[in-house]
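What follows is a short report on a single structure.
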Amino acid sequence: MTRFWITLPQAVDLVLHALDNMEGGEIFIPKIPSMRVTDLAEAIAPGVPRDVIGIRPGEKLHELLITSDEARHAIDAGDVYLVMPEHPWWDEMGPSAVGKACDDDFVYASDTNDEWLSIDQLRSVLAA
């Protein structure tokens with residue numbers, strides 16, 4: 001089971017970045033690290049035995065921030081991904097000026113993310 005990890009300062013920076021850069025209608029998705037839930041448990045309580053109870057009803061194994069359907073309208077804009085509106089007028093505004101279009105089959109999921117937090121990194125984030 002994996003999850004994305006965002007700190008409060010990163011969330012505030014994302015909101016401020018969106019306020020400064022939005023045109024209207026686009027969705028800002030931060031590029032943030034993933035972590036394994038088992039690593040989080042180890043970071044919080046090292047060496048403590050854990051019972052694996054399995055997935056609960058309604059629970060997902062991994063988080064998905066950009067689906068393959070949304071990828072058709074997604075742009076890699078550096079520190080964030082932008083999912084552009086599906087409005088005809090949006091194409092006239094030149095969204096390609098802010099970044100590179102994502103591949104049509106792109107998916108931004110916590111289990112396939114390129115950036116991961118280690119147990120030691122999780123401990124230092126939790127201690128802050």
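Just so we're on the same page: first chain in the structure tokens is A, next is B, and so on; residues restart at 1 for each chain, and ligands are numbered from 1 in the order they show up.
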
Test item, strand (DSSP E) assignment across chain A, answer as number ranges by chain: A: 2-4, 27-30, 34-36, 64-66, 74-76, 80-83, 100-101, 108-109

Need to verify the contact set: stretch 63-66 of chain A, 8 Å, only C-alpha atoms, exclusion of same-chain residues closer than 2 positions in sequence. Can you return it as a PyMOL selection string? chain A and resi 2-4+29+60-61+68+70-71+106-111

Selected residues, N, CA and C atoms, written as a tab-separated table (two decimals), in the first residue's frame, please.
```tsv
chain	number	residue	atom	x	y	z
A	2	THR	N	0.62	2.16	-0.89
A	2	THR	CA	1.44	3.37	-1.00
A	2	THR	C	0.56	4.61	-0.95
A	3	ARG	N	1.18	5.70	-0.55
A	3	ARG	CA	0.49	6.99	-0.49
A	3	ARG	C	1.46	8.08	-0.91
A	4	PHE	N	0.91	9.19	-1.40
A	4	PHE	CA	1.71	10.39	-1.62
A	4	PHE	C	1.88	11.08	-0.28
A	29	ILE	N	-1.50	19.99	-9.66
A	29	ILE	CA	-1.18	18.76	-8.94
A	29	ILE	C	0.31	18.78	-8.62
A	60	LYS	N	-8.10	1.94	-1.14
A	60	LYS	CA	-7.31	1.72	-2.34
A	60	LYS	C	-5.91	1.29	-1.96
A	61	LEU	N	-5.30	0.50	-2.81
A	61	LEU	CA	-3.92	0.10	-2.58
A	61	LEU	C	-2.97	1.26	-2.83
A	68	SER	N	-5.36	8.13	-16.57
A	68	SER	CA	-5.04	8.12	-18.00
A	68	SER	C	-6.03	8.96	-18.79
A	70	GLU	N	-7.36	11.80	-17.70
A	70	GLU	CA	-6.94	13.19	-17.47
A	70	GLU	C	-5.62	13.51	-18.17
A	71	ALA	N	-4.81	12.49	-18.44
A	71	ALA	CA	-3.49	12.70	-19.04
A	71	ALA	C	-3.59	13.38	-20.41
A	106	PHE	N	-0.05	8.52	-19.76
A	106	PHE	CA	0.58	8.89	-18.50
A	106	PHE	C	-0.39	8.69	-17.34
A	107	VAL	N	0.13	8.23	-16.21
A	107	VAL	CA	-0.63	8.10	-14.97
A	107	VAL	C	0.29	8.55	-13.84
A	108	TYR	N	-0.22	9.37	-12.94
A	108	TYR	CA	0.56	9.81	-11.79
A	108	TYR	C	-0.02	9.11	-10.56
A	109	ALA	N	0.63	8.02	-10.17
A	109	ALA	CA	0.15	7.18	-9.07
A	109	ALA	C	1.26	7.00	-8.04
A	110	SER	N	0.84	6.77	-6.79
A	110	SER	CA	1.81	6.66	-5.71
A	110	SER	C	2.70	5.43	-5.83
A	111	ASP	N	2.26	4.38	-6.52
A	111	ASP	CA	3.09	3.18	-6.63
A	111	ASP	C	4.07	3.23	-7.80
```

Between atom CA of A:Ala74 and atom CA of A:Val37, what is the distance in Å, rounded to a tenth?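 That distance, rounded to one decimal, is 27.8 Å.
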
Report the distance between atom CA of A:Glu26 and atom CA of A:Glu115 in Å, rounded to one decimal place.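 Between these atoms lies a distance of 24.1 Å.
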
Nearby residues (only C-alpha atoms) at most 12 Å from A:Gln10, same-chain spacing under 5 positions excluded, as a ChimeraX atom specification: /A:5,15-17,29-33,79-80

Identify which of the residues A:Arg50, A:Met22, A:Met35, A:Ser124 lies closest to A:Ile6, counting only C-alpha atoms when measuring atom-to-atom distances.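 Once distances to A:Ile6 are computed over only C-alpha atoms, the minimum belongs to A:Met35.
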
From A:Asp103, A:Asp39, A:Glu86, A:Glu59, residue lying nearest A:Trp116 [only C-alpha atoms]: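 Ranked by minimum distance to A:Trp116, first place goes to A:Asp39.
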
Point out the residue among A:Ile119, A:Thr7, A:Gly24, A:Pro57 with the least atom-to-atom distance to A:Ala45, counting only C-alpha atoms.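 Going through A:Ile119, A:Thr7, A:Gly24, A:Pro57 one by one, the smallest distance to A:Ala45 is for A:Ile119.
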
Just list the residues in chain A DSSP gives helix (DSSP H, G or I) on the backbone, as a PyMOL selection string. chain A and resi 8-21+37-44+68-71+88-93+95-98+119-127

Written selection (N, CA and C atoms) as a compact mmCIF listing (two decimals), in the first residue's frame:
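Final file, selection_17.txt:
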```txt
# COMPACT_ATOMS: atom_id res chain seq x y z
N LEU A 8 2.71 20.36 5.22
CA LEU A 8 1.91 21.58 5.28
C LEU A 8 2.57 22.73 4.52
N PRO A 9 3.89 22.97 4.70
CA PRO A 9 4.52 24.04 3.92
C PRO A 9 4.43 23.79 2.40
N GLN A 10 4.55 22.53 1.96
CA GLN A 10 4.42 22.24 0.53
C GLN A 10 3.00 22.53 0.06
N ALA A 11 2.01 22.21 0.87
CA ALA A 11 0.61 22.47 0.50
C ALA A 11 0.35 23.97 0.40
N VAL A 12 0.88 24.74 1.33
CA VAL A 12 0.72 26.20 1.29
C VAL A 12 1.41 26.77 0.05
N ASP A 13 2.62 26.30 -0.24
CA ASP A 13 3.34 26.76 -1.44
C ASP A 13 2.56 26.43 -2.71
N LEU A 14 1.92 25.26 -2.74
CA LEU A 14 1.12 24.87 -3.91
C LEU A 14 -0.05 25.84 -4.10
N VAL A 15 -0.74 26.17 -3.02
CA VAL A 15 -1.87 27.10 -3.11
C VAL A 15 -1.40 28.47 -3.58
N LEU A 16 -0.30 28.96 -3.01
CA LEU A 16 0.21 30.27 -3.43
C LEU A 16 0.68 30.26 -4.88
N HIS A 17 1.32 29.16 -5.30
CA HIS A 17 1.75 29.02 -6.69
C HIS A 17 0.53 29.04 -7.62
N ALA A 18 -0.51 28.31 -7.24
CA ALA A 18 -1.72 28.27 -8.06
C ALA A 18 -2.36 29.65 -8.15
N LEU A 19 -2.42 30.36 -7.04
CA LEU A 19 -3.01 31.71 -7.06
C LEU A 19 -2.23 32.66 -7.96
N ASP A 20 -0.90 32.52 -7.97
CA ASP A 20 -0.06 33.38 -8.80
C ASP A 20 -0.10 33.02 -10.28
N ASN A 21 -0.35 31.77 -10.61
CA ASN A 21 -0.17 31.29 -11.98
C ASN A 21 -1.44 30.82 -12.69
N VAL A 37 3.21 2.48 3.27
CA VAL A 37 2.58 2.55 4.60
C VAL A 37 3.38 1.71 5.60
N THR A 38 3.96 0.61 5.15
CA THR A 38 4.79 -0.20 6.04
C THR A 38 6.05 0.56 6.48
N ASP A 39 6.60 1.40 5.58
CA ASP A 39 7.75 2.22 5.94
C ASP A 39 7.36 3.28 6.98
N LEU A 40 6.17 3.84 6.83
CA LEU A 40 5.69 4.81 7.82
C LEU A 40 5.53 4.15 9.19
N ALA A 41 4.98 2.95 9.21
CA ALA A 41 4.84 2.23 10.49
C ALA A 41 6.20 1.96 11.11
N GLU A 42 7.17 1.58 10.29
CA GLU A 42 8.53 1.32 10.79
C GLU A 42 9.19 2.60 11.29
N ALA A 43 8.93 3.72 10.60
CA ALA A 43 9.51 5.00 11.03
C ALA A 43 8.94 5.45 12.36
N ILE A 44 7.66 5.20 12.58
CA ILE A 44 7.00 5.62 13.82
C ILE A 44 7.31 4.68 14.97
N SER A 68 -5.36 8.13 -16.57
CA SER A 68 -5.04 8.12 -18.00
C SER A 68 -6.03 8.96 -18.79
N ASP A 69 -7.27 9.08 -18.33
CA ASP A 69 -8.24 9.96 -19.00
C ASP A 69 -7.84 11.42 -18.87
N GLU A 70 -7.36 11.80 -17.70
CA GLU A 70 -6.94 13.19 -17.47
C GLU A 70 -5.62 13.51 -18.17
N ALA A 71 -4.81 12.49 -18.44
CA ALA A 71 -3.49 12.70 -19.04
C ALA A 71 -3.59 13.38 -20.41
N PRO A 88 -13.20 24.44 -25.43
CA PRO A 88 -12.61 24.81 -26.72
C PRO A 88 -11.80 26.10 -26.65
N TRP A 89 -12.21 27.05 -25.84
CA TRP A 89 -11.50 28.32 -25.76
C TRP A 89 -10.13 28.19 -25.11
N TRP A 90 -9.92 27.09 -24.34
CA TRP A 90 -8.65 26.97 -23.63
C TRP A 90 -7.48 26.81 -24.59
N ASP A 91 -7.66 26.08 -25.69
CA ASP A 91 -6.59 25.86 -26.66
C ASP A 91 -6.06 27.16 -27.23
N GLU A 92 -6.91 28.16 -27.32
CA GLU A 92 -6.49 29.46 -27.85
C GLU A 92 -5.52 30.17 -26.92
N MET A 93 -5.52 29.81 -25.64
CA MET A 93 -4.67 30.49 -24.65
C MET A 93 -3.25 29.97 -24.66
N PRO A 95 -1.72 26.69 -23.73
CA PRO A 95 -1.21 26.04 -22.51
C PRO A 95 0.16 25.43 -22.69
N SER A 96 0.58 25.16 -23.93
CA SER A 96 1.91 24.57 -24.13
C SER A 96 3.02 25.54 -23.72
N ALA A 97 2.70 26.81 -23.55
CA ALA A 97 3.70 27.79 -23.13
C ALA A 97 4.14 27.57 -21.69
N VAL A 98 3.35 26.86 -20.90
CA VAL A 98 3.70 26.66 -19.49
C VAL A 98 4.41 25.34 -19.23
N ILE A 119 12.66 5.35 5.06
CA ILE A 119 12.26 5.34 6.47
C ILE A 119 12.95 6.47 7.22
N ASP A 120 14.24 6.68 6.95
CA ASP A 120 14.96 7.78 7.62
C ASP A 120 14.40 9.14 7.23
N GLN A 121 14.05 9.31 5.96
CA GLN A 121 13.45 10.58 5.54
C GLN A 121 12.09 10.80 6.19
N LEU A 122 11.31 9.74 6.31
CA LEU A 122 10.02 9.84 6.99
C LEU A 122 10.21 10.25 8.45
N ARG A 123 11.21 9.66 9.10
CA ARG A 123 11.48 10.02 10.50
C ARG A 123 11.85 11.50 10.63
N SER A 124 12.66 12.00 9.72
CA SER A 124 13.05 13.41 9.83
C SER A 124 11.88 14.35 9.52
N VAL A 125 11.01 13.95 8.60
CA VAL A 125 9.82 14.76 8.31
C VAL A 125 8.89 14.75 9.51
N LEU A 126 8.71 13.60 10.13
CA LEU A 126 7.82 13.49 11.30
C LEU A 126 8.38 14.25 12.50
N ALA A 127 9.70 14.34 12.60
CA ALA A 127 10.31 15.03 13.72
C ALA A 127 10.24 16.55 13.59
```
